[in-house]
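File shown: input.cif (mmCIF, C-alpha atoms and all ligand atoms).
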data_input
loop_
_atom_site.label_atom_id
_atom_site.label_comp_id
_atom_site.auth_asym_id
_atom_site.auth_seq_id
_atom_site.Cartn_x
_atom_site.Cartn_y
_atom_site.Cartn_z
CA MET Q 1 61.84 47.36 16.93
CA THR Q 2 59.33 46.56 19.67
CA ILE Q 3 56.06 44.88 18.83
CA ASP Q 4 53.08 45.18 21.16
CA ILE Q 5 50.79 42.17 21.52
CA ILE Q 6 47.33 42.45 23.04
CA GLY Q 7 46.39 39.16 24.72
CA ALA Q 8 48.43 36.46 26.48
CA GLY Q 9 46.46 33.48 25.15
CA ILE Q 10 48.07 30.61 23.27
CA GLY Q 11 48.30 32.79 20.13
CA GLY Q 12 49.85 35.84 21.83
CA LEU Q 13 52.34 33.85 23.92
CA THR Q 14 53.47 31.66 21.00
CA THR Q 15 53.91 34.76 18.81
CA ALA Q 16 56.06 36.40 21.50
CA ILE Q 17 58.23 33.26 21.75
CA ALA Q 18 58.62 32.98 17.97
CA LEU Q 19 59.56 36.69 17.71
CA GLN Q 20 61.94 36.39 20.66
CA GLN Q 21 63.76 33.64 18.76
CA LYS Q 22 64.15 36.06 15.82
CA GLY Q 23 65.64 38.69 18.16
CA ILE Q 24 62.53 40.90 18.02
CA ARG Q 25 61.39 42.48 21.29
CA THR Q 26 57.74 42.30 22.37
CA ARG Q 27 55.52 43.70 25.10
CA ILE Q 28 52.35 41.78 25.94
CA PHE Q 29 49.27 43.40 27.48
CA GLU Q 30 46.78 41.04 29.08
CA GLN Q 31 43.47 41.94 30.72
CA ALA Q 32 43.60 39.23 33.41
CA GLU Q 33 45.08 40.09 36.81
CA HIS Q 34 46.61 36.61 37.08
CA ILE Q 35 47.21 34.13 34.33
CA LYS Q 36 44.77 31.49 35.48
CA PRO Q 37 44.45 28.30 33.44
CA VAL Q 38 41.04 27.18 32.26
CA GLY Q 39 40.38 23.78 33.85
CA ALA Q 40 40.29 22.01 30.52
CA GLY Q 41 42.54 20.20 28.12
CA ILE Q 42 43.49 20.95 24.56
CA ILE Q 43 44.55 18.87 21.61
CA LEU Q 44 47.62 20.08 19.78
CA ALA Q 45 47.39 18.49 16.36
CA ASN Q 46 50.33 17.58 14.17
CA ASN Q 47 50.50 21.04 12.52
CA ALA Q 48 50.75 22.81 15.90
CA MET Q 49 53.35 20.33 17.11
CA GLN Q 50 55.45 20.92 13.97
CA VAL Q 51 55.58 24.60 14.97
CA TYR Q 52 56.49 23.77 18.57
CA LYS Q 53 59.21 21.45 17.25
CA LYS Q 54 60.68 24.37 15.26
CA LEU Q 55 60.51 26.51 18.44
CA GLY Q 56 62.30 23.82 20.48
CA LEU Q 57 59.26 22.99 22.64
CA ARG Q 58 58.27 19.58 21.24
CA LYS Q 59 59.82 17.47 23.98
CA ILE Q 60 58.60 19.45 26.97
CA ILE Q 61 55.05 19.46 25.58
CA GLU Q 62 55.19 15.72 24.87
CA ASP Q 63 56.55 15.07 28.38
CA ASN Q 64 53.65 16.97 29.95
CA GLY Q 65 50.87 15.51 27.82
CA ASN Q 66 49.75 12.28 26.24
CA TYR Q 67 50.09 11.36 22.57
CA ILE Q 68 47.10 10.46 20.41
CA SER Q 69 47.56 8.10 17.48
CA SER Q 70 43.99 7.89 16.31
CA MET Q 71 40.90 10.06 16.29
CA ASN Q 72 37.65 8.14 16.31
CA ILE Q 73 34.03 9.04 15.77
CA THR Q 74 31.70 6.55 17.45
CA LYS Q 75 28.04 6.06 18.25
CA ALA Q 76 26.85 6.99 21.74
CA ASN Q 77 27.52 3.39 22.82
CA LEU Q 78 31.15 3.77 21.58
CA ASN Q 79 30.68 1.44 18.62
CA PRO Q 80 32.98 2.81 15.88
CA ILE Q 81 31.75 4.93 12.96
CA SER Q 82 35.04 6.26 11.57
CA LYS Q 83 38.70 6.37 12.48
CA VAL Q 84 41.60 8.58 11.40
CA ASP Q 85 44.91 6.81 11.93
CA LEU Q 86 47.59 9.42 12.65
CA SER Q 87 50.65 7.16 12.50
CA PHE Q 88 51.36 8.09 8.83
CA PHE Q 89 51.69 11.77 9.83
CA GLU Q 90 53.69 10.94 12.96
CA LYS Q 91 56.32 9.35 10.70
CA LYS Q 92 56.10 11.99 7.98
CA HIS Q 93 56.52 15.04 10.24
CA GLU Q 94 58.24 13.35 13.21
CA VAL Q 95 55.74 14.75 15.71
CA LYS Q 96 52.65 13.34 17.38
CA ASN Q 97 49.28 14.89 18.19
CA ILE Q 98 49.38 15.74 21.89
CA ALA Q 99 46.54 16.11 24.38
CA ILE Q 100 47.60 18.32 27.30
CA HIS Q 101 46.12 20.31 30.17
CA ARG Q 102 45.72 23.96 29.11
CA GLY Q 103 47.36 25.06 32.38
CA ALA Q 104 50.45 22.93 31.67
CA LEU Q 105 50.75 24.34 28.15
CA GLN Q 106 50.32 27.92 29.37
CA GLN Q 107 53.06 27.41 32.00
CA ILE Q 108 55.47 25.96 29.41
CA LEU Q 109 54.90 28.97 27.15
CA ILE Q 110 55.33 31.52 29.96
CA ASN Q 111 58.55 29.81 31.17
CA GLU Q 112 59.92 29.97 27.63
CA LEU Q 113 59.50 33.74 27.41
CA GLN Q 114 62.77 35.25 28.56
CA SER Q 115 61.38 38.75 28.73
CA ASN Q 116 59.12 39.41 31.68
CA ASP Q 117 57.30 42.03 29.66
CA ILE Q 118 53.86 40.51 30.23
CA ASN Q 119 51.76 43.35 31.58
CA LEU Q 120 48.82 41.89 33.49
CA ASN Q 121 45.74 43.87 34.53
CA HIS Q 122 45.95 45.75 31.21
CA CYS Q 123 42.52 45.49 29.63
CA LEU Q 124 42.58 47.40 26.35
CA LYS Q 125 39.71 49.87 26.18
CA ASN Q 126 40.52 51.94 23.13
CA VAL Q 127 42.98 52.05 20.20
CA GLU Q 128 43.49 55.29 18.36
CA PRO Q 129 45.65 55.52 15.21
CA ASN Q 130 48.09 58.48 15.23
CA ASP Q 131 51.21 59.61 13.36
CA ASN Q 132 53.46 57.28 15.35
CA GLY Q 133 51.27 54.22 15.25
CA TYR Q 134 48.57 53.65 17.86
CA LEU Q 135 47.64 55.12 21.20
CA LEU Q 136 46.51 52.29 23.47
CA THR Q 137 44.21 53.20 26.36
CA PHE Q 138 43.69 50.63 29.11
CA LYS Q 139 40.92 50.31 31.67
CA ASN Q 140 43.47 50.80 34.48
CA GLY Q 141 43.96 54.37 33.18
CA GLU Q 142 47.36 53.83 31.51
CA GLU Q 143 48.07 55.13 28.02
CA ILE Q 144 50.82 53.58 25.94
CA GLN Q 145 52.13 54.53 22.51
CA SER Q 146 52.65 51.57 20.22
CA SER Q 147 54.43 51.61 16.86
CA ILE Q 148 53.55 48.07 15.73
CA LEU Q 149 50.52 46.21 17.10
CA ILE Q 150 49.33 42.61 17.04
CA GLY Q 151 45.75 41.88 18.12
CA ALA Q 152 45.78 38.43 19.75
CA ASP Q 153 42.83 39.26 21.96
CA GLY Q 154 40.45 36.50 20.94
CA LEU Q 155 36.94 36.22 19.51
CA LYS Q 156 35.72 39.55 20.94
CA SER Q 157 38.94 41.39 20.02
CA VAL Q 158 38.92 45.06 21.01
CA VAL Q 159 41.68 45.69 18.45
CA ARG Q 160 39.43 44.28 15.72
CA GLN Q 161 36.35 46.15 16.92
CA HIS Q 162 38.16 49.50 16.91
CA LEU Q 163 40.31 49.23 13.79
CA PHE Q 164 38.49 46.83 11.46
CA SER Q 165 34.89 47.37 10.46
CA ASP Q 166 33.87 44.08 8.94
CA HIS Q 167 33.14 41.38 11.52
CA VAL Q 168 30.17 39.21 12.43
CA ILE Q 169 30.15 36.78 15.36
CA ARG Q 170 27.98 33.76 14.51
CA LYS Q 171 26.31 31.67 17.19
CA ALA Q 172 26.24 27.94 16.52
CA LYS Q 173 23.34 27.34 18.95
CA GLN Q 174 25.39 24.74 20.77
CA ILE Q 175 26.37 24.71 24.41
CA CYS Q 176 29.67 23.12 25.43
CA TRP Q 177 30.74 21.75 28.82
CA ARG Q 178 34.38 20.93 29.50
CA GLY Q 179 36.08 19.23 32.40
CA VAL Q 180 39.23 17.53 33.63
CA THR Q 181 38.85 14.66 36.06
CA ASP Q 182 41.01 12.11 37.91
CA PHE Q 183 40.35 9.08 35.78
CA LYS Q 184 42.21 6.25 34.07
CA LEU Q 185 40.65 5.14 30.81
CA PRO Q 186 40.59 1.45 29.90
CA GLY Q 187 43.88 0.60 28.07
CA THR Q 188 42.37 0.53 24.56
CA TYR Q 189 41.47 4.23 24.79
CA LYS Q 190 44.81 5.38 26.20
CA ASN Q 191 46.20 6.93 23.01
CA GLU Q 192 42.97 7.77 21.25
CA LEU Q 193 40.63 10.72 21.04
CA ASN Q 194 37.10 9.34 20.98
CA GLU Q 195 34.09 11.47 20.12
CA ALA Q 196 30.70 9.79 20.54
CA TRP Q 197 27.82 11.20 18.49
CA GLY Q 198 24.23 10.94 19.71
CA LYS Q 199 21.16 12.89 18.68
CA ARG Q 200 21.80 16.67 18.76
CA ASP Q 201 24.66 16.02 21.19
CA ARG Q 202 28.13 14.46 21.43
CA PHE Q 203 30.81 13.65 23.98
CA GLY Q 204 34.60 13.60 23.49
CA PHE Q 205 37.26 12.29 25.89
CA VAL Q 206 41.00 11.76 25.98
CA GLN Q 207 43.68 10.85 28.54
CA ILE Q 208 45.92 13.91 29.10
CA THR Q 209 48.23 12.53 31.81
CA LYS Q 210 48.61 9.10 33.42
CA ASP Q 211 45.66 9.74 35.70
CA LYS Q 212 43.68 12.62 34.23
CA VAL Q 213 41.07 12.68 31.51
CA TYR Q 214 39.92 15.78 29.62
CA TRP Q 215 36.38 15.65 28.26
CA TYR Q 216 33.97 17.89 26.42
CA ALA Q 217 30.27 17.58 25.72
CA LEU Q 218 28.07 19.56 23.35
CA LYS Q 219 24.35 19.90 22.96
CA SER Q 220 22.25 21.88 20.45
CA PHE Q 221 19.68 24.27 21.85
CA ARG Q 222 16.63 25.73 20.09
CA ASN Q 223 16.37 29.24 21.52
CA ASN Q 224 18.92 29.90 24.22
CA LYS Q 225 21.56 28.09 26.23
CA ASN Q 226 19.58 28.35 29.46
CA GLU Q 227 17.46 25.46 28.19
CA PHE Q 228 20.21 23.31 29.70
CA SER Q 229 21.89 23.24 33.08
CA VAL Q 230 25.19 21.66 34.07
CA HIS Q 231 23.40 20.16 37.07
CA ASP Q 232 21.44 17.91 34.72
CA ILE Q 233 24.38 16.88 32.57
CA GLU Q 234 24.23 13.23 33.71
CA LYS Q 235 20.64 13.08 32.48
CA TYR Q 236 21.53 14.49 29.03
CA PHE Q 237 24.10 11.72 28.47
CA ASP Q 238 22.38 8.83 30.23
CA LYS Q 239 22.07 6.86 26.98
CA TYR Q 240 25.83 6.99 26.39
CA ASN Q 241 28.36 4.25 27.14
CA SER Q 242 29.09 3.55 30.83
CA VAL Q 243 32.69 4.84 30.48
CA ILE Q 244 31.28 8.23 29.47
CA LYS Q 245 28.76 8.21 32.31
CA SER Q 246 31.56 7.40 34.80
CA ILE Q 247 33.72 10.25 33.45
CA ILE Q 248 30.87 12.72 33.94
CA SER Q 249 29.95 11.54 37.42
CA SER Q 250 33.62 11.64 38.53
CA THR Q 251 33.86 15.38 37.72
CA LYS Q 252 32.87 17.95 40.34
CA LYS Q 253 30.13 20.17 38.88
CA GLU Q 254 31.87 23.33 40.09
CA HIS Q 255 34.91 22.37 37.97
CA ILE Q 256 32.92 22.10 34.74
CA HIS Q 257 33.24 25.06 32.35
CA THR Q 258 30.29 26.11 30.24
CA THR Q 259 30.77 27.93 26.91
CA GLU Q 260 28.39 28.93 24.17
CA ILE Q 261 29.90 28.01 20.79
CA SER Q 262 30.48 30.84 18.28
CA ASP Q 263 32.83 31.72 15.46
CA LEU Q 264 33.77 34.71 13.36
CA LYS Q 265 32.29 34.90 9.89
CA PRO Q 266 35.35 34.79 7.58
CA THR Q 267 36.70 38.28 6.94
CA ASN Q 268 39.29 39.17 4.31
CA PHE Q 269 41.10 41.92 6.20
CA TRP Q 270 43.48 40.87 8.94
CA TYR Q 271 45.89 43.80 8.70
CA LYS Q 272 46.15 47.47 7.87
CA GLU Q 273 49.08 49.89 8.18
CA LYS Q 274 50.96 48.72 11.30
CA VAL Q 275 48.41 46.47 12.96
CA CYS Q 276 47.65 42.81 12.35
CA LEU Q 277 45.18 40.33 13.86
CA ILE Q 278 46.06 36.70 14.64
CA GLY Q 279 44.37 33.65 16.16
CA ASP Q 280 40.75 33.90 17.24
CA ALA Q 281 40.84 37.69 16.76
CA ALA Q 282 41.33 37.06 13.02
CA HIS Q 283 39.58 33.75 12.39
CA ALA Q 284 37.79 32.31 15.45
CA MET Q 285 36.29 28.94 14.57
CA THR Q 286 33.96 26.45 16.21
CA PRO Q 287 35.93 23.78 18.08
CA ASN Q 288 34.63 20.89 15.99
CA MET Q 289 37.95 20.13 14.32
CA GLY Q 290 40.05 20.95 17.40
CA GLN Q 291 42.01 23.45 15.29
CA GLY Q 292 41.42 26.96 16.77
CA ALA Q 293 44.59 27.06 18.83
CA CYS Q 294 46.52 25.06 16.21
CA GLN Q 295 45.70 27.71 13.62
CA ALA Q 296 46.73 30.47 16.07
CA ILE Q 297 50.04 28.63 16.58
CA GLU Q 298 50.57 28.42 12.80
CA ASP Q 299 49.87 32.19 12.64
CA ALA Q 300 52.48 32.83 15.32
CA TYR Q 301 55.15 30.95 13.42
CA MET Q 302 54.34 32.40 10.00
CA LEU Q 303 54.05 35.97 11.26
CA SER Q 304 57.43 35.76 13.00
CA GLU Q 305 59.00 34.41 9.78
CA CYS Q 306 57.50 37.27 7.77
CA LEU Q 307 58.50 39.96 10.29
CA SER Q 308 62.08 38.70 10.37
CA LYS Q 309 62.37 38.86 6.56
CA TYR Q 310 60.33 41.88 5.43
CA GLU Q 311 59.48 45.40 6.52
CA VAL Q 312 56.26 45.56 8.53
CA HIS Q 313 53.72 46.27 5.82
CA GLN Q 314 55.05 43.63 3.46
CA ALA Q 315 55.35 41.19 6.37
CA PHE Q 316 51.66 41.60 7.27
CA ALA Q 317 50.58 41.35 3.61
CA THR Q 318 52.62 38.17 3.05
CA PHE Q 319 51.38 36.68 6.33
CA GLN Q 320 47.75 37.22 5.33
CA LYS Q 321 48.33 35.84 1.83
CA LEU Q 322 49.92 32.68 3.22
CA ARG Q 323 47.58 32.03 6.12
CA LEU Q 324 44.10 33.28 5.19
CA PRO Q 325 43.00 30.60 2.68
CA LYS Q 326 43.82 27.70 4.99
CA ALA Q 327 42.40 29.34 8.13
CA HIS Q 328 39.14 30.12 6.32
CA GLN Q 329 38.91 26.60 4.97
CA VAL Q 330 39.13 25.28 8.54
CA VAL Q 331 36.54 27.82 9.79
CA LYS Q 332 34.10 26.63 7.12
CA ALA Q 333 34.80 22.91 7.58
CA SER Q 334 34.43 23.23 11.37
CA TRP Q 335 31.10 25.01 11.04
CA MET Q 336 29.81 22.33 8.66
CA LEU Q 337 31.07 19.46 10.84
CA GLY Q 338 29.19 20.91 13.82
CA LYS Q 339 25.95 20.80 11.83
CA ILE Q 340 26.56 17.24 10.57
CA ALA Q 341 27.41 15.98 14.07
CA HIS Q 342 24.15 17.29 15.54
CA VAL Q 343 21.51 16.10 13.07
CA SER Q 344 18.43 14.83 14.87
CA ASN Q 345 16.41 12.90 12.29
CA PRO Q 346 17.06 9.16 12.93
CA ILE Q 347 17.05 8.36 9.18
CA LEU Q 348 19.57 11.12 8.47
CA ILE Q 349 21.70 9.90 11.39
CA GLU Q 350 21.75 6.40 9.89
CA ILE Q 351 22.62 7.69 6.39
CA ARG Q 352 25.35 9.94 7.82
CA ASN Q 353 26.88 7.10 9.81
CA GLN Q 354 26.80 4.76 6.80
CA LEU Q 355 28.47 7.37 4.58
CA MET Q 356 31.16 7.96 7.18
CA ARG Q 357 31.77 4.22 7.55
CA MET Q 358 32.11 3.89 3.78
CA THR Q 359 34.51 6.82 3.39
CA PRO Q 360 37.84 5.32 2.31
CA SER Q 361 40.75 5.92 4.70
CA SER Q 362 42.68 7.40 1.74
CA PHE Q 363 40.12 10.25 1.66
CA ASN Q 364 40.50 10.94 5.39
CA ARG Q 365 44.27 10.85 4.99
CA LYS Q 366 44.16 13.38 2.15
CA GLN Q 367 42.05 15.75 4.27
CA SER Q 368 44.47 15.50 7.17
CA GLU Q 369 47.44 15.86 4.80
CA GLN Q 370 46.24 19.36 3.79
CA LEU Q 371 45.43 20.29 7.38
CA PHE Q 372 48.85 19.30 8.72
CA GLN Q 373 50.91 20.83 5.89
CA ILE Q 374 52.76 24.01 6.87
CA PRO Q 375 54.04 26.05 3.91
CA ASN Q 376 57.57 27.36 3.79
CA LEU Q 377 58.07 31.08 3.36
C1 LIG C 401 35.15 24.18 23.86
C2 LIG C 401 36.39 24.49 23.11
C3 LIG C 401 37.33 23.50 22.88
C4 LIG C 401 38.47 23.77 22.12
N1 LIG C 401 39.39 22.80 21.87
C5 LIG C 401 40.46 23.04 21.09
C6 LIG C 401 41.43 22.03 20.81
O1 LIG C 401 41.34 20.89 21.29
N2 LIG C 401 42.46 22.33 19.97
C7 LIG C 401 42.61 23.57 19.43
O2 LIG C 401 43.56 23.79 18.69
N3 LIG C 401 41.72 24.56 19.72
C8 LIG C 401 40.67 24.33 20.53
N4 LIG C 401 39.79 25.34 20.83
C9 LIG C 401 40.00 26.69 20.28
C10 LIG C 401 41.04 27.45 21.09
O3 LIG C 401 40.73 27.45 22.46
C11 LIG C 401 41.16 28.88 20.58
O4 LIG C 401 41.14 28.90 19.19
C12 LIG C 401 42.45 29.50 21.08
O5 LIG C 401 42.45 29.55 22.47
C13 LIG C 401 42.66 30.87 20.47
O6 LIG C 401 43.80 31.45 21.03
P1 LIG C 401 44.01 33.01 20.99
O7 LIG C 401 45.29 33.27 21.71
O8 LIG C 401 43.87 33.51 19.60
O9 LIG C 401 42.78 33.63 21.77
P2 LIG C 401 42.33 33.43 23.29
O10 LIG C 401 42.68 32.10 23.79
O11 LIG C 401 40.91 33.85 23.35
O12 LIG C 401 43.23 34.48 24.08
C14 LIG C 401 42.96 35.86 24.04
C15 LIG C 401 43.67 36.52 25.21
O13 LIG C 401 43.45 37.93 25.10
C16 LIG C 401 43.02 38.43 26.36
N5 LIG C 401 42.18 39.60 26.08
C17 LIG C 401 40.95 39.63 25.54
N6 LIG C 401 40.49 40.90 25.45
C18 LIG C 401 41.48 41.70 25.95
C19 LIG C 401 41.61 43.10 26.13
N7 LIG C 401 40.62 43.96 25.78
N8 LIG C 401 42.76 43.59 26.63
C20 LIG C 401 43.77 42.75 26.99
N9 LIG C 401 43.70 41.39 26.88
C21 LIG C 401 42.56 40.88 26.35
C22 LIG C 401 42.25 37.28 26.98
O14 LIG C 401 42.16 37.42 28.40
C23 LIG C 401 43.09 36.09 26.56
O15 LIG C 401 44.14 35.84 27.45
C24 LIG C 401 38.66 25.08 21.60
C25 LIG C 401 37.73 26.09 21.88
C26 LIG C 401 36.61 25.80 22.63
C27 LIG C 401 35.62 26.90 22.89
#

Rewrite the structure of this file - the entire thing - as structure tokens.
Ligand SMILES: Cc1cc2nc3c(=O)[nH]c(=O)nc-3n(C[C@H](O)[C@H](O)[C@H](O)COP(=O)(O)OP(=O)(O)OC[C@H]3O[C@@H](n4cnc5c(N)ncnc54)[C@H](O)[C@@H]3O)c2cc1C
Amino acid sequence: MTIDIIGAGIGGLTTAIALQQKGIRTRIFEQAEHIKPVGAGIILANNAMQVYKKLGLRKIIEDNGNYISSMNITKANLNPISKVDLSFFEKKHEVKNIAIHRGALQQILINELQSNDINLNHCLKNVEPNDNGYLLTFKNGEEIQSSILIGADGLKSVVRQHLFSDHVIRKAKQICWRGVTDFKLPGTYKNELNEAWGKRDRFGFVQITKDKVYWYALKSFRNNKNEFSVHDIEKYFDKYNSVIKSIISSTKKEHIHTTEISDLKPTNFWYKEKVCLIGDAAHAMTPNMGQGACQAIEDAYMLSECLSKYEVHQAFATFQKLRLPKAHQVVKASWMLGKIAHVSNPILIEIRNQLMRMTPSSFNRKQSEQLFQIPNL
């Protein structure tokens, strides 16, 4: 059987690799003319790294990134509020959380695909169900018949829009800037992800290679994102710690990416007949827990397991049953965390910080335990 995948993002590429390892052939159709990396980093949490370990990619990803052994929430001046120590999970699952450049990850995934069946410049325009599956029509004029289809085409999935009725994109009213800069963090921060929370804004940073730092910054807006401009970013974070200010000023403005934060309101239908959605197409989430790609990677693994054991319909049904509750839990928790992080009332900020300081580490560990657990089929 040949499975067609729309989208060569982290979800689509990882699915193709996982299926390849099960001896299942895939064709990928990607809208971009060239696979160009976003100039940003990504954090692959323990659950994603467990999948890459199963796929034989753990070492190469570790070698190209930097491990993180704790995730810290701090005040804007970098005084600690809370800390999640990851060493327990490193021992338990024998993998570490890795921060890596998106371009490096993308290249590793592409190199791993033995088939060169990645069809670039194929922007899906229409999907029409027919007796043999689906007729795919692309903007370049090509028409291709597909018997089994996976929609890995992200938040604004064309597959979802054409074949599934129930979907609402929610705007979080937060703007996000991301950058990668030549920078060496002071030694204490080397293997940590630090996220500093201010008032209606926050700033995260992490070392991704010996001499590069990936950072992200978010700010709430009232009406629309044009209230803020990247050219004033130094001003927005001028009350933050001097390390943060130096990271921002060391990044060329033209290399900073701006994104408006949205997610997909949880929907209970990821598959029908011979088509299934994965990754952001199925359950896009706000980036507040750094789990969007990790959940797409879990999808890739679980879907390949199901497709190698069951006929297509049962495979999709089992995949949805196994993956939907956890993915939705993360969507909801991420949305909530984004609201908590951006409160503006100084009294509420103080109460929030106190509560977070008082939260026992056993509670944080239990939360992470559920997040990092991957069920067996
Ligand atoms: C600011 C920010 C920071 C984040 N940080 C993290 C993090 O640290 N860790 C983490 O796990 N997640 C993170 N995420 C989330 C993560 O980026 C996404 O969840 C992940 O990229 C989803 O992968 P995907 O393959 O499902 O979709 P996408 O990455 O969106 O890929 C979809 C692919 O489909 C292609 N496509 C779209 N439409 C069509 C079409 N019509 N025809 C053909 N091709 C098409 C696109 O070009 C793209 O290549 C972050 C997100 C944001 C916004």

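Interatomic distance, atom CA of Q:Gln50 to atom CA of Q:His93: 7.0 Å.
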
Using all atoms listed in the file, which residues have at least one atom no more than 8 Å from ligand LIG 401 (chain C)? Output them as a PyMOL selection string.
chain Q and resi 6-13+29-32+35+41-45+48+99+121-125+138+152-159+176-178+216+259-262+278-282+284-296

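As for atom CA of Q:Lys83 and atom CA of Q:Gly187, they are spaced 17.4 Å apart.
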
Which is closer to Q:Leu303 than all the others in Q:Ile248, Q:Ile61, Q:Ala104, Q:Leu377, using all atoms listed in the file?
Q:Leu377

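Shortest atom-to-atom contact with Q:Leu322 among Q:Asn376, Q:Gln21, Q:Asn119, Q:Ser344: Q:Asn376, counting all atoms listed in the file.
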
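For the pair atom CA of Q:Ala217 and atom CA of Q:Leu105, the interatomic distance is 21.7 Å.
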
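Remark: for Q:Lys252, the closest of the candidate residues Q:Val343, Q:Ile233, Q:Ala315, Q:Val95 is Q:Ile233 (distances computed over all atoms listed in the file).
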
Extract, using all atoms listed in the file, all DNA, RNA and protein residues at most 10 Å from Q:Val206, discarding same-chain residues fewer than 4 positions from it, and format them as a VMD selection string.
chain Q and resid 41 to 43 66 to 68 71 99 to 100 180 184 to 185 189 to 195 212 to 216

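Residues lying within 10 Å of (44.8, 52.2, 25.4). Counted over only C-alpha atoms, they are Q:His122, Q:Cys123, Q:Leu124, Q:Lys125, Q:Asn126, Q:Val127, Q:Glu128, Q:Tyr134, Q:Leu135, Q:Leu136, Q:Thr137, Q:Phe138, Q:Lys139, Q:Asn140, Q:Gly141, Q:Glu142, Q:Glu143, Q:Ile144, Q:Gln145, Q:Ser146.
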
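Distance check against Q:Ser249 using only C-alpha atoms: of Q:Ile208, Q:Ile5, Q:Val230, Q:Ile351, the minimum falls on Q:Val230.
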
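Using all atoms listed in the file, the protein and nucleic acid residues lying no more than 9 Å from Q:Pro266, apart from those fewer than 6 places from it along its own chain, are His167, Val168, Ala282, His283, Ala284, Ala327, His328, Val331 and Lys332 of chain Q.
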
For the residues in the current selection, export C-alpha atoms as a JSON list (two decimals), in the frame of the given file.
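Full text of again_5.json as output:
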[["chain", "number", "residue", "atom", "x", "y", "z"],
["Q", 167, "HIS", "CA", 33.14, 41.38, 11.52],
["Q", 168, "VAL", "CA", 30.17, 39.21, 12.43],
["Q", 282, "ALA", "CA", 41.33, 37.06, 13.02],
["Q", 283, "HIS", "CA", 39.58, 33.75, 12.39],
["Q", 284, "ALA", "CA", 37.79, 32.31, 15.45],
["Q", 327, "ALA", "CA", 42.40, 29.34, 8.13],
["Q", 328, "HIS", "CA", 39.14, 30.12, 6.32],
["Q", 331, "VAL", "CA", 36.54, 27.82, 9.79],
["Q", 332, "LYS", "CA", 34.10, 26.63, 7.12]]

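Within the 12 Å cut-off around Q:Ser362, using only C-alpha atoms and omitting residues fewer than 4 positions from it on the same chain, the listed residues are Lys83, Val84, Asp85, Phe88, Met358, Lys366, Gln367, Ser368 and Glu369 of chain Q.
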
Start from the incomplete input, build N, CA and C atoms for stretch 25-38 of chain Q, and deliver everything as a PDB file, keeping the file's coordinate frame.
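Result went into out_16.pdb, see below:
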ATOM      1  N   ARG Q  25      61.913  42.247  19.948  1.00  0.00           N
ATOM      2  CA  ARG Q  25      61.390  42.480  21.290  1.00  0.00           C
ATOM      3  C   ARG Q  25      59.863  42.652  21.259  1.00  0.00           C
ATOM      4  N   THR Q  26      59.201  42.112  22.282  1.00  0.00           N
ATOM      5  CA  THR Q  26      57.740  42.300  22.370  1.00  0.00           C
ATOM      6  C   THR Q  26      57.340  42.778  23.764  1.00  0.00           C
ATOM      7  N   ARG Q  27      56.184  43.433  23.813  1.00  0.00           N
ATOM      8  CA  ARG Q  27      55.520  43.700  25.100  1.00  0.00           C
ATOM      9  C   ARG Q  27      54.133  43.107  24.966  1.00  0.00           C
ATOM     10  N   ILE Q  28      53.708  42.353  25.988  1.00  0.00           N
ATOM     11  CA  ILE Q  28      52.350  41.780  25.940  1.00  0.00           C
ATOM     12  C   ILE Q  28      51.473  42.501  26.956  1.00  0.00           C
ATOM     13  N   PHE Q  29      50.239  42.797  26.557  1.00  0.00           N
ATOM     14  CA  PHE Q  29      49.270  43.400  27.480  1.00  0.00           C
ATOM     15  C   PHE Q  29      48.084  42.464  27.609  1.00  0.00           C
ATOM     16  N   GLU Q  30      47.815  42.050  28.837  1.00  0.00           N
ATOM     17  CA  GLU Q  30      46.780  41.040  29.080  1.00  0.00           C
ATOM     18  C   GLU Q  30      45.785  41.589  30.102  1.00  0.00           C
ATOM     19  N   GLN Q  31      44.494  41.384  29.831  1.00  0.00           N
ATOM     20  CA  GLN Q  31      43.470  41.940  30.720  1.00  0.00           C
ATOM     21  C   GLN Q  31      43.428  41.266  32.097  1.00  0.00           C
ATOM     22  N   ALA Q  32      43.749  39.974  32.155  1.00  0.00           N
ATOM     23  CA  ALA Q  32      43.600  39.230  33.410  1.00  0.00           C
ATOM     24  C   ALA Q  32      44.589  39.740  34.466  1.00  0.00           C
ATOM     25  N   GLU Q  33      44.173  39.677  35.734  1.00  0.00           N
ATOM     26  CA  GLU Q  33      45.080  40.090  36.810  1.00  0.00           C
ATOM     27  C   GLU Q  33      46.110  39.010  37.088  1.00  0.00           C
ATOM     28  N   HIS Q  34      45.703  37.757  36.928  1.00  0.00           N
ATOM     29  CA  HIS Q  34      46.610  36.610  37.080  1.00  0.00           C
ATOM     30  C   HIS Q  34      46.368  35.729  35.884  1.00  0.00           C
ATOM     31  N   ILE Q  35      47.451  35.061  35.442  1.00  0.00           N
ATOM     32  CA  ILE Q  35      47.210  34.130  34.330  1.00  0.00           C
ATOM     33  C   ILE Q  35      46.709  32.840  34.955  1.00  0.00           C
ATOM     34  N   LYS Q  36      45.390  32.657  34.860  1.00  0.00           N
ATOM     35  CA  LYS Q  36      44.770  31.490  35.480  1.00  0.00           C
ATOM     36  C   LYS Q  36      44.385  30.502  34.394  1.00  0.00           C
ATOM     37  N   PRO Q  37      44.807  29.249  34.489  1.00  0.00           N
ATOM     38  CA  PRO Q  37      44.450  28.300  33.440  1.00  0.00           C
ATOM     39  C   PRO Q  37      42.977  27.919  33.492  1.00  0.00           C
ATOM     40  N   VAL Q  38      42.385  27.749  32.317  1.00  0.00           N
ATOM     41  CA  VAL Q  38      41.040  27.180  32.260  1.00  0.00           C
ATOM     42  C   VAL Q  38      41.188  25.708  32.639  1.00  0.00           C
TER      43      VAL Q  38
END
